[in-house]
>>> print(open('structure.cif').read())   # mmCIF, C-alpha atoms
data_coords
#
loop_
_atom_site.label_atom_id
_atom_site.label_comp_id
_atom_site.auth_asym_id
_atom_site.auth_seq_id
_atom_site.Cartn_x
_atom_site.Cartn_y
_atom_site.Cartn_z
CA ALA A 1 -15.68 -28.89 -4.32
CA GLN A 2 -13.23 -27.54 -6.82
CA SER A 3 -9.63 -28.68 -6.67
CA VAL A 4 -6.52 -28.35 -8.80
CA SER A 5 -3.75 -30.89 -9.09
CA GLN A 6 -0.32 -30.11 -10.50
CA HIS A 7 1.65 -33.22 -11.31
CA ASN A 8 5.18 -31.94 -10.96
CA HIS A 9 6.38 -30.22 -7.82
CA HIS A 10 9.88 -29.48 -9.07
CA VAL A 11 11.14 -29.51 -12.66
CA ILE A 12 14.71 -28.94 -13.79
CA LEU A 13 15.47 -28.28 -17.45
CA SER A 14 18.32 -26.97 -19.54
CA GLU A 15 17.91 -23.84 -21.64
CA ALA A 16 16.23 -24.46 -25.03
CA ALA A 17 14.48 -27.59 -23.75
CA SER A 18 10.73 -27.89 -24.26
CA LEU A 19 8.42 -27.55 -21.29
CA GLU A 20 5.10 -29.08 -20.39
CA LEU A 21 3.60 -28.68 -16.93
CA GLY A 22 0.58 -30.79 -16.14
CA CYS A 23 -2.59 -29.51 -14.50
CA ASN A 24 -5.87 -31.29 -13.82
CA TYR A 25 -8.90 -29.80 -12.16
CA SER A 26 -11.93 -31.24 -10.48
CA TYR A 27 -15.20 -29.48 -11.14
CA GLY A 28 -18.32 -30.55 -12.95
CA GLY A 29 -19.48 -27.30 -14.46
CA THR A 30 -18.13 -24.56 -16.66
CA VAL A 31 -14.82 -23.23 -15.41
CA ASN A 32 -12.35 -20.47 -16.05
CA LEU A 33 -8.73 -21.62 -16.05
CA PHE A 34 -5.54 -19.74 -15.33
CA TRP A 35 -1.81 -20.11 -15.15
CA TYR A 36 0.04 -17.71 -12.88
CA VAL A 37 3.78 -17.28 -12.51
CA GLN A 38 5.70 -16.06 -9.48
CA TYR A 39 9.27 -15.04 -10.23
CA PRO A 40 11.68 -14.99 -7.27
CA GLY A 41 10.86 -12.03 -5.07
CA GLN A 42 8.02 -10.84 -7.29
CA HIS A 43 4.25 -10.92 -7.11
CA LEU A 44 1.91 -13.31 -8.87
CA GLN A 45 1.47 -12.51 -12.53
CA LEU A 46 -1.10 -13.90 -14.92
CA LEU A 47 0.52 -15.89 -17.74
CA LEU A 48 -2.65 -16.81 -19.57
CA LYS A 49 -6.30 -17.56 -19.04
CA TYR A 50 -9.09 -19.52 -20.63
CA PHE A 51 -12.70 -18.41 -20.34
CA SER A 52 -14.27 -19.82 -23.49
CA GLY A 53 -13.66 -20.31 -27.21
CA ASP A 54 -10.45 -21.66 -28.73
CA PRO A 55 -9.07 -24.25 -26.30
CA LEU A 56 -5.51 -23.39 -27.29
CA VAL A 57 -4.62 -20.25 -25.41
CA LYS A 58 -1.53 -18.16 -25.98
CA GLY A 59 -0.11 -16.09 -23.18
CA ILE A 60 2.82 -13.85 -22.48
CA LYS A 61 6.49 -14.76 -22.90
CA GLY A 62 5.83 -17.52 -25.43
CA PHE A 63 3.72 -19.70 -23.15
CA GLU A 64 0.59 -21.49 -24.28
CA ALA A 65 -1.89 -23.88 -22.71
CA GLU A 66 -4.45 -26.30 -24.05
CA PHE A 67 -7.81 -26.90 -22.42
CA ILE A 68 -8.97 -30.49 -22.89
CA LYS A 69 -12.44 -30.67 -21.40
CA SER A 70 -12.74 -34.46 -21.62
CA LYS A 71 -9.56 -34.85 -19.57
CA PHE A 72 -10.22 -31.94 -17.18
CA SER A 73 -6.73 -30.76 -18.07
CA PHE A 74 -5.07 -27.43 -18.79
CA ASN A 75 -1.39 -28.14 -19.42
CA LEU A 76 1.12 -25.34 -19.86
CA ARG A 77 3.69 -25.54 -22.65
CA LYS A 78 6.64 -23.62 -24.01
CA PRO A 79 8.71 -24.89 -26.96
CA SER A 80 12.06 -23.51 -25.77
CA VAL A 81 12.67 -22.33 -22.21
CA GLN A 82 15.08 -19.64 -21.12
CA TRP A 83 17.01 -19.17 -17.90
CA SER A 84 14.67 -16.26 -17.10
CA ASP A 85 11.72 -18.69 -16.94
CA THR A 86 13.00 -19.92 -13.58
CA ALA A 87 10.00 -19.35 -11.32
CA GLU A 88 7.08 -21.04 -9.63
CA TYR A 89 4.03 -21.76 -11.77
CA PHE A 90 0.50 -22.11 -10.46
CA CYS A 91 -2.49 -23.55 -12.24
CA ALA A 92 -5.81 -22.18 -11.01
CA VAL A 93 -9.54 -22.42 -11.61
CA ASN A 94 -12.71 -20.59 -10.75
CA ALA A 95 -16.33 -21.33 -11.47
CA HIS A 96 -17.40 -17.93 -12.73
CA LEU A 97 -16.38 -14.32 -12.96
CA TYR A 98 -15.67 -12.77 -9.54
CA ASP A 99 -15.55 -16.21 -7.93
CA LYS A 100 -12.70 -17.18 -5.62
CA ILE A 101 -9.72 -18.69 -7.42
CA ILE A 102 -8.58 -22.16 -6.39
CA PHE A 103 -4.87 -22.68 -6.88
CA GLY A 104 -2.79 -25.79 -7.27
CA LYS A 105 0.23 -26.29 -5.06
CA GLY A 106 2.59 -25.01 -7.72
CA THR A 107 5.48 -26.30 -9.77
CA ARG A 108 8.91 -24.92 -9.11
CA LEU A 109 10.77 -24.65 -12.44
CA HIS A 110 14.53 -24.34 -12.47
CA ILE A 111 16.29 -23.67 -15.78
CA LEU A 112 19.97 -24.45 -16.00
CA PRO A 113 22.01 -21.97 -18.07
CA GLU B 114 1.95 -2.93 -12.52
CA THR B 115 -1.31 -4.36 -11.24
CA GLY B 116 -2.70 -1.30 -9.48
CA VAL B 117 -2.78 -3.21 -6.18
CA THR B 118 -0.42 -2.30 -3.34
CA GLN B 119 0.01 -3.84 0.09
CA SER B 120 1.56 -2.74 3.34
CA PRO B 121 3.69 -3.53 5.15
CA THR B 122 5.93 -5.74 3.03
CA HIS B 123 7.23 -7.68 6.01
CA LEU B 124 5.98 -8.08 9.55
CA ILE B 125 7.12 -10.03 12.58
CA LYS B 126 4.71 -10.77 15.42
CA THR B 127 4.62 -13.11 18.38
CA ARG B 128 2.09 -15.79 19.11
CA GLY B 129 -1.15 -14.45 20.58
CA GLN B 130 -0.77 -10.96 19.12
CA GLN B 131 -3.10 -9.33 16.63
CA VAL B 132 -2.14 -8.01 13.20
CA THR B 133 -3.70 -5.79 10.54
CA LEU B 134 -2.60 -6.00 6.93
CA ARG B 135 -3.58 -3.39 4.39
CA CYS B 136 -4.35 -3.41 0.71
CA SER B 137 -5.00 -0.55 -1.65
CA SER B 138 -6.64 -1.18 -4.97
CA GLN B 139 -7.12 1.18 -7.85
CA SER B 140 -10.42 2.75 -8.76
CA GLY B 141 -12.77 0.25 -10.39
CA HIS B 142 -11.70 -2.73 -8.30
CA ASN B 143 -14.91 -3.04 -6.33
CA THR B 144 -14.20 -6.64 -5.39
CA VAL B 145 -11.20 -7.58 -3.26
CA SER B 146 -10.02 -11.03 -2.27
CA TRP B 147 -7.46 -12.12 0.31
CA TYR B 148 -5.31 -15.23 0.06
CA GLN B 149 -2.82 -16.96 2.35
CA GLN B 150 0.23 -18.55 0.74
CA ALA B 151 2.17 -20.78 3.11
CA LEU B 152 5.72 -21.72 2.20
CA GLY B 153 5.78 -24.22 -0.63
CA GLN B 154 2.03 -24.03 -1.20
CA GLY B 155 -0.33 -22.32 -3.57
CA PRO B 156 -2.42 -19.38 -2.39
CA GLN B 157 -5.51 -20.35 -0.39
CA PHE B 158 -8.65 -18.22 -0.48
CA ILE B 159 -9.47 -16.54 2.84
CA PHE B 160 -12.43 -14.30 1.97
CA GLN B 161 -13.75 -11.81 -0.53
CA TYR B 162 -15.47 -8.44 -0.20
CA TYR B 163 -17.78 -6.73 -2.63
CA ARG B 164 -19.05 -3.23 -1.97
CA GLU B 165 -17.86 -3.41 1.65
CA GLU B 166 -19.61 -6.67 2.48
CA GLU B 167 -18.13 -10.15 2.75
CA ASN B 168 -19.52 -12.29 -0.05
CA GLY B 169 -17.43 -15.44 0.17
CA ARG B 170 -15.22 -17.17 2.70
CA GLY B 171 -12.77 -20.03 2.58
CA ASN B 172 -11.94 -22.53 5.30
CA PHE B 173 -10.45 -20.06 7.78
CA PRO B 174 -11.52 -19.52 11.42
CA PRO B 175 -13.39 -16.39 12.58
CA ARG B 176 -10.20 -14.89 14.00
CA PHE B 177 -9.49 -13.96 10.37
CA SER B 178 -11.65 -10.96 9.59
CA GLY B 179 -11.68 -8.17 7.08
CA LEU B 180 -12.98 -4.81 6.05
CA GLN B 181 -13.40 -3.05 2.74
CA PHE B 182 -13.66 0.72 2.53
CA PRO B 183 -15.35 2.98 -0.03
CA ASN B 184 -11.99 4.18 -1.32
CA TYR B 185 -11.13 0.65 -2.63
CA SER B 186 -8.78 -0.09 0.27
CA SER B 187 -9.21 -3.08 2.54
CA GLU B 188 -7.81 -4.71 5.66
CA LEU B 189 -7.17 -8.23 6.81
CA ASN B 190 -7.16 -8.65 10.60
CA VAL B 191 -5.90 -11.74 12.34
CA ASN B 192 -6.42 -12.16 16.09
CA ALA B 193 -4.67 -14.53 18.46
CA LEU B 194 -1.85 -15.26 16.05
CA GLU B 195 -0.58 -18.81 15.81
CA LEU B 196 2.74 -20.07 14.47
CA ASP B 197 0.96 -21.58 11.44
CA ASP B 198 -0.26 -18.13 10.43
CA SER B 199 3.25 -17.42 9.17
CA ALA B 200 2.77 -16.96 5.43
CA LEU B 201 2.63 -14.55 2.53
CA TYR B 202 -0.74 -12.77 2.49
CA LEU B 203 -1.95 -11.68 -0.90
CA CYS B 204 -4.62 -9.21 -1.78
CA ALA B 205 -6.26 -9.18 -5.22
CA GLY B 206 -8.63 -6.74 -6.86
CA TRP B 207 -10.91 -7.41 -9.79
CA GLY B 208 -10.58 -5.03 -12.68
CA PRO B 209 -11.11 -4.75 -16.38
CA SER B 210 -8.68 -6.48 -18.72
CA GLY B 211 -9.62 -6.34 -22.36
CA SER B 212 -13.11 -7.75 -22.75
CA LYS B 213 -13.09 -9.56 -19.43
CA ASN B 214 -12.38 -8.79 -15.82
CA GLU B 215 -9.55 -10.53 -14.04
CA GLN B 216 -7.96 -10.56 -10.61
CA PHE B 217 -4.84 -8.46 -10.15
CA PHE B 218 -2.58 -9.45 -7.27
CA GLY B 219 -0.57 -7.24 -5.01
CA PRO B 220 3.03 -8.03 -3.98
CA GLY B 221 1.96 -9.49 -0.64
CA THR B 222 2.82 -9.05 3.01
CA ARG B 223 5.09 -11.65 4.52
CA LEU B 224 4.02 -12.34 8.10
CA THR B 225 6.30 -14.21 10.47
CA VAL B 226 4.86 -15.37 13.79
CA LEU B 227 7.42 -16.28 16.45
#
>>> encode(input="structure.cif", output="structure tokens")
Amino acid sequence: AQSVSQHNHHVILSEAASLELGCNYSYGGTVNLFWYVQYPGQHLQLLLKYFSGDPLVKGIKGFEAEFIKSKFSFNLRKPSVQWSDTAEYFCAVNAHLYDKIIFGKGTRLHILP
Amino acid sequence: ETGVTQSPTHLIKTRGQQVTLRCSSQSGHNTVSWYQQALGQGPQFIFQYYREEENGRGNFPPRFSGLQFPNYSSELNVNALELDDSALYLCAGWGPSGSKNEQFFGPGTRLTVL
């Protein structure tokens, strides 16, 4: 069965610090990978996705993620965070198009001004 | 905007009652999924409908049921509510995004069971 593990439950950073959120997935076949963000009081939004091709994926708001197949990892990065990045971040995976999405438990990111 | 709306935004029920949550998806979203997001957790897949038939189900009991209608709207029904059913319920529709399809999530309905 597919599963997603996010290493950090709660991360606190100061503005301008660099960010890396860890994500590992468990699945033997080809997967699609996602990072979603949920800002306080708002709905889930897609930050970026990986289906195939270049393993370094760039998303919205300066975020990027790298798919490392040998490590079953899809870590999210941002070189310099802003206070407005305070939100909860979810890593997710599905096996194919139109398949259910399996989410990790989320990482709550708090940026200090 | 994702083109997916949900109603109501908030709902309070008591244990044992039944509830119906609604989702409206824009034209072209012929697949709809429902998720339950408990406090402090990631969304968990409940079930999925394609062309008005259930075509996938997560680890939820039969008292969770759904419907999808030809006009791209859908319902999630929960019978015999339990306290643990308190959660944010998310609906998502599949639609085109560039060269690929992706799931677009609605804002959710927050259900509180007392």
>>> atom_distance(input="structure.cif", atom1="atom CA of A:Ala92", atom2="atom CA of A:Ser26")
10.9 Å
>>> resolve_selection(input="structure.cif", expression="the PyMOL selection byres ((chain A) within 8 of (chain B))", output="MDAnalysis selection string")
chainID A and resid 42:45 90 97:98 100:106
>>> closest_residue(input="structure.cif", among="B:Arg135, B:Arg164, B:Arg128, B:His123", to="B:Ser187", atoms="only C-alpha atoms")
B:Arg135
>>> residues_around(input="structure.cif", residues="A:Ser14", least_positions_apart="2", cutoff="6 Å", atoms="all atoms listed in the file", output="list in words")
Ala17, Ile111 and Leu112 of chain A
>>> resolve_selection(input="structure.cif", expression="the PyMOL selection byres ((chain A and resi 28-36) around 8)", output="JSON, numbers by chain")
{"A": [26, 27, 37, 38, 44, 45, 46, 47, 48, 49, 50, 51, 52, 74, 76, 89, 90, 91, 92, 93, 94, 95, 96, 97]}
>>> residues_near_point(input="structure.cif", point="(12.7, -22.9, -20.8)", cutoff="9 Å", atoms="only C-alpha atoms", output="list in words")
Leu13, Ser14, Glu15, Ala16, Ala17, Ser18, Leu19, Lys78, Pro79, Ser80, Val81, Gln82, Trp83, Ser84, Asp85, Thr86, Leu109, His110, Ile111 and Leu112 of chain A
>>> resolve_selection(input="structure.cif", expression="the PyMOL selection byres ((chain B and resi 200) around 6)", output="PyMOL selection string")
chain B and resi 150-151+198-199+201+223-224
>>> atom_distance(input="structure.cif", atom1="atom CA of B:Tyr162", atom2="atom CA of B:Asn192")
19.0 Å
>>> decode(input="structure.cif", residues="stretch 71-103 of chain A", atoms="N, CA, C and O atoms", output="mmCIF file, in the first residue's frame")
data_model
loop_
_atom_site.group_PDB
_atom_site.id
_atom_site.type_symbol
_atom_site.label_atom_id
_atom_site.label_comp_id
_atom_site.auth_asym_id
_atom_site.auth_seq_id
_atom_site.Cartn_x
_atom_site.Cartn_y
_atom_site.Cartn_z
ATOM 1 N N LYS A 71 15.942 7.170 -3.529
ATOM 2 C CA LYS A 71 15.687 7.411 -2.111
ATOM 3 C C LYS A 71 14.195 7.503 -1.807
ATOM 4 O O LYS A 71 13.823 7.755 -0.657
ATOM 5 N N PHE A 72 13.367 7.336 -2.822
ATOM 6 C CA PHE A 72 11.908 7.468 -2.649
ATOM 7 C C PHE A 72 11.594 8.796 -1.953
ATOM 8 O O PHE A 72 10.772 8.846 -1.043
ATOM 9 N N SER A 73 12.267 9.854 -2.370
ATOM 10 C CA SER A 73 12.084 11.130 -1.688
ATOM 11 C C SER A 73 11.633 12.216 -2.649
ATOM 12 O O SER A 73 11.883 12.151 -3.867
ATOM 13 N N PHE A 74 10.969 13.204 -2.101
ATOM 14 C CA PHE A 74 10.477 14.351 -2.877
ATOM 15 C C PHE A 74 10.470 15.542 -1.932
ATOM 16 O O PHE A 74 9.437 15.997 -1.463
ATOM 17 N N ASN A 75 11.646 16.059 -1.625
ATOM 18 C CA ASN A 75 11.788 17.130 -0.637
ATOM 19 C C ASN A 75 11.460 18.488 -1.236
ATOM 20 O O ASN A 75 11.826 18.785 -2.377
ATOM 21 N N LEU A 76 10.830 19.307 -0.440
ATOM 22 C CA LEU A 76 10.433 20.660 -0.853
ATOM 23 C C LEU A 76 11.467 21.653 -0.361
ATOM 24 O O LEU A 76 11.913 21.568 0.791
ATOM 25 N N ARG A 77 11.819 22.610 -1.214
ATOM 26 C CA ARG A 77 12.837 23.606 -0.837
ATOM 27 C C ARG A 77 12.398 25.004 -1.244
ATOM 28 O O ARG A 77 11.633 25.191 -2.195
ATOM 29 N N LYS A 78 12.920 25.970 -0.487
ATOM 30 C CA LYS A 78 12.788 27.374 -0.869
ATOM 31 C C LYS A 78 14.007 28.097 -0.303
ATOM 32 O O LYS A 78 14.302 27.949 0.886
ATOM 33 N N PRO A 79 14.737 28.852 -1.125
ATOM 34 C CA PRO A 79 15.998 29.447 -0.676
ATOM 35 C C PRO A 79 15.827 30.509 0.415
ATOM 36 O O PRO A 79 16.693 30.656 1.272
ATOM 37 N N SER A 80 14.704 31.242 0.380
ATOM 38 C CA SER A 80 14.524 32.339 1.324
ATOM 39 C C SER A 80 13.041 32.488 1.625
ATOM 40 O O SER A 80 12.266 32.927 0.768
ATOM 41 N N VAL A 81 12.638 32.105 2.828
ATOM 42 C CA VAL A 81 11.208 32.111 3.162
ATOM 43 C C VAL A 81 10.751 33.503 3.586
ATOM 44 O O VAL A 81 11.535 34.343 4.032
ATOM 45 N N GLN A 82 9.436 33.697 3.438
ATOM 46 C CA GLN A 82 8.814 34.952 3.840
ATOM 47 C C GLN A 82 7.756 34.665 4.892
ATOM 48 O O GLN A 82 7.267 33.525 4.997
ATOM 49 N N TRP A 83 7.378 35.700 5.629
ATOM 50 C CA TRP A 83 6.366 35.531 6.657
ATOM 51 C C TRP A 83 5.076 34.939 6.065
ATOM 52 O O TRP A 83 4.400 34.121 6.687
ATOM 53 N N SER A 84 4.782 35.310 4.812
ATOM 54 C CA SER A 84 3.556 34.842 4.163
ATOM 55 C C SER A 84 3.601 33.352 3.808
ATOM 56 O O SER A 84 2.594 32.795 3.362
ATOM 57 N N ASP A 85 4.737 32.704 4.000
ATOM 58 C CA ASP A 85 4.818 31.259 3.758
ATOM 59 C C ASP A 85 4.310 30.449 4.950
ATOM 60 O O ASP A 85 4.262 29.211 4.888
ATOM 61 N N THR A 86 3.943 31.122 6.024
ATOM 62 C CA THR A 86 3.362 30.429 7.177
ATOM 63 C C THR A 86 2.111 29.679 6.726
ATOM 64 O O THR A 86 1.161 30.275 6.219
ATOM 65 N N ALA A 87 2.130 28.377 6.889
ATOM 66 C CA ALA A 87 1.047 27.530 6.378
ATOM 67 C C ALA A 87 1.336 26.082 6.758
ATOM 68 O O ALA A 87 2.366 25.778 7.364
ATOM 69 N N GLU A 88 0.434 25.200 6.357
ATOM 70 C CA GLU A 88 0.696 23.768 6.507
ATOM 71 C C GLU A 88 0.966 23.183 5.129
ATOM 72 O O GLU A 88 0.268 23.515 4.155
ATOM 73 N N TYR A 89 1.971 22.342 5.052
ATOM 74 C CA TYR A 89 2.434 21.788 3.777
ATOM 75 C C TYR A 89 2.242 20.270 3.782
ATOM 76 O O TYR A 89 2.626 19.591 4.727
ATOM 77 N N PHE A 90 1.661 19.775 2.701
ATOM 78 C CA PHE A 90 1.379 18.350 2.590
ATOM 79 C C PHE A 90 2.079 17.779 1.358
ATOM 80 O O PHE A 90 1.910 18.289 0.247
ATOM 81 N N CYS A 91 2.795 16.714 1.581
ATOM 82 C CA CYS A 91 3.350 15.930 0.490
ATOM 83 C C CYS A 91 2.333 14.845 0.142
ATOM 84 O O CYS A 91 1.631 14.345 1.041
ATOM 85 N N ALA A 92 2.217 14.514 -1.121
ATOM 86 C CA ALA A 92 1.200 13.545 -1.526
ATOM 87 C C ALA A 92 1.672 12.749 -2.735
ATOM 88 O O ALA A 92 2.535 13.194 -3.489
ATOM 89 N N VAL A 93 1.043 11.589 -2.921
ATOM 90 C CA VAL A 93 1.428 10.702 -4.018
ATOM 91 C C VAL A 93 0.198 10.011 -4.573
ATOM 92 O O VAL A 93 -0.776 9.769 -3.847
ATOM 93 N N ASN A 94 0.203 9.741 -5.859
ATOM 94 C CA ASN A 94 -0.764 8.796 -6.413
ATOM 95 C C ASN A 94 -0.090 7.953 -7.475
ATOM 96 O O ASN A 94 0.989 8.281 -7.971
ATOM 97 N N ALA A 95 -0.733 6.828 -7.773
ATOM 98 C CA ALA A 95 -0.096 5.835 -8.641
ATOM 99 C C ALA A 95 -0.287 6.150 -10.114
ATOM 100 O O ALA A 95 0.513 5.769 -10.943
ATOM 101 N N HIS A 96 -1.367 6.811 -10.449
ATOM 102 C CA HIS A 96 -1.619 7.140 -11.846
ATOM 103 C C HIS A 96 -2.686 8.216 -11.906
ATOM 104 O O HIS A 96 -3.332 8.543 -10.913
ATOM 105 N N LEU A 97 -2.843 8.755 -13.080
ATOM 106 C CA LEU A 97 -3.831 9.822 -13.281
ATOM 107 C C LEU A 97 -5.211 9.328 -12.845
ATOM 108 O O LEU A 97 -5.586 8.192 -13.093
ATOM 109 N N TYR A 98 -5.939 10.176 -12.154
ATOM 110 C CA TYR A 98 -7.289 9.902 -11.658
ATOM 111 C C TYR A 98 -7.303 8.949 -10.464
ATOM 112 O O TYR A 98 -8.364 8.583 -9.972
ATOM 113 N N ASP A 99 -6.133 8.566 -9.989
ATOM 114 C CA ASP A 99 -6.081 7.708 -8.807
ATOM 115 C C ASP A 99 -6.255 8.567 -7.556
ATOM 116 O O ASP A 99 -5.969 9.766 -7.559
ATOM 117 N N LYS A 100 -6.687 7.929 -6.470
ATOM 118 C CA LYS A 100 -6.793 8.636 -5.196
ATOM 119 C C LYS A 100 -5.420 9.172 -4.820
ATOM 120 O O LYS A 100 -4.392 8.605 -5.169
ATOM 121 N N ILE A 101 -5.430 10.294 -4.102
ATOM 122 C CA ILE A 101 -4.172 10.885 -3.647
ATOM 123 C C ILE A 101 -3.967 10.516 -2.184
ATOM 124 O O ILE A 101 -4.873 10.669 -1.363
ATOM 125 N N ILE A 102 -2.798 10.022 -1.871
ATOM 126 C CA ILE A 102 -2.424 9.689 -0.502
ATOM 127 C C ILE A 102 -1.576 10.830 0.045
ATOM 128 O O ILE A 102 -0.543 11.179 -0.540
ATOM 129 N N PHE A 103 -2.020 11.388 1.153
ATOM 130 C CA PHE A 103 -1.346 12.532 1.743
ATOM 131 C C PHE A 103 -0.507 12.124 2.947
ATOM 132 O O PHE A 103 -0.851 11.189 3.680
#
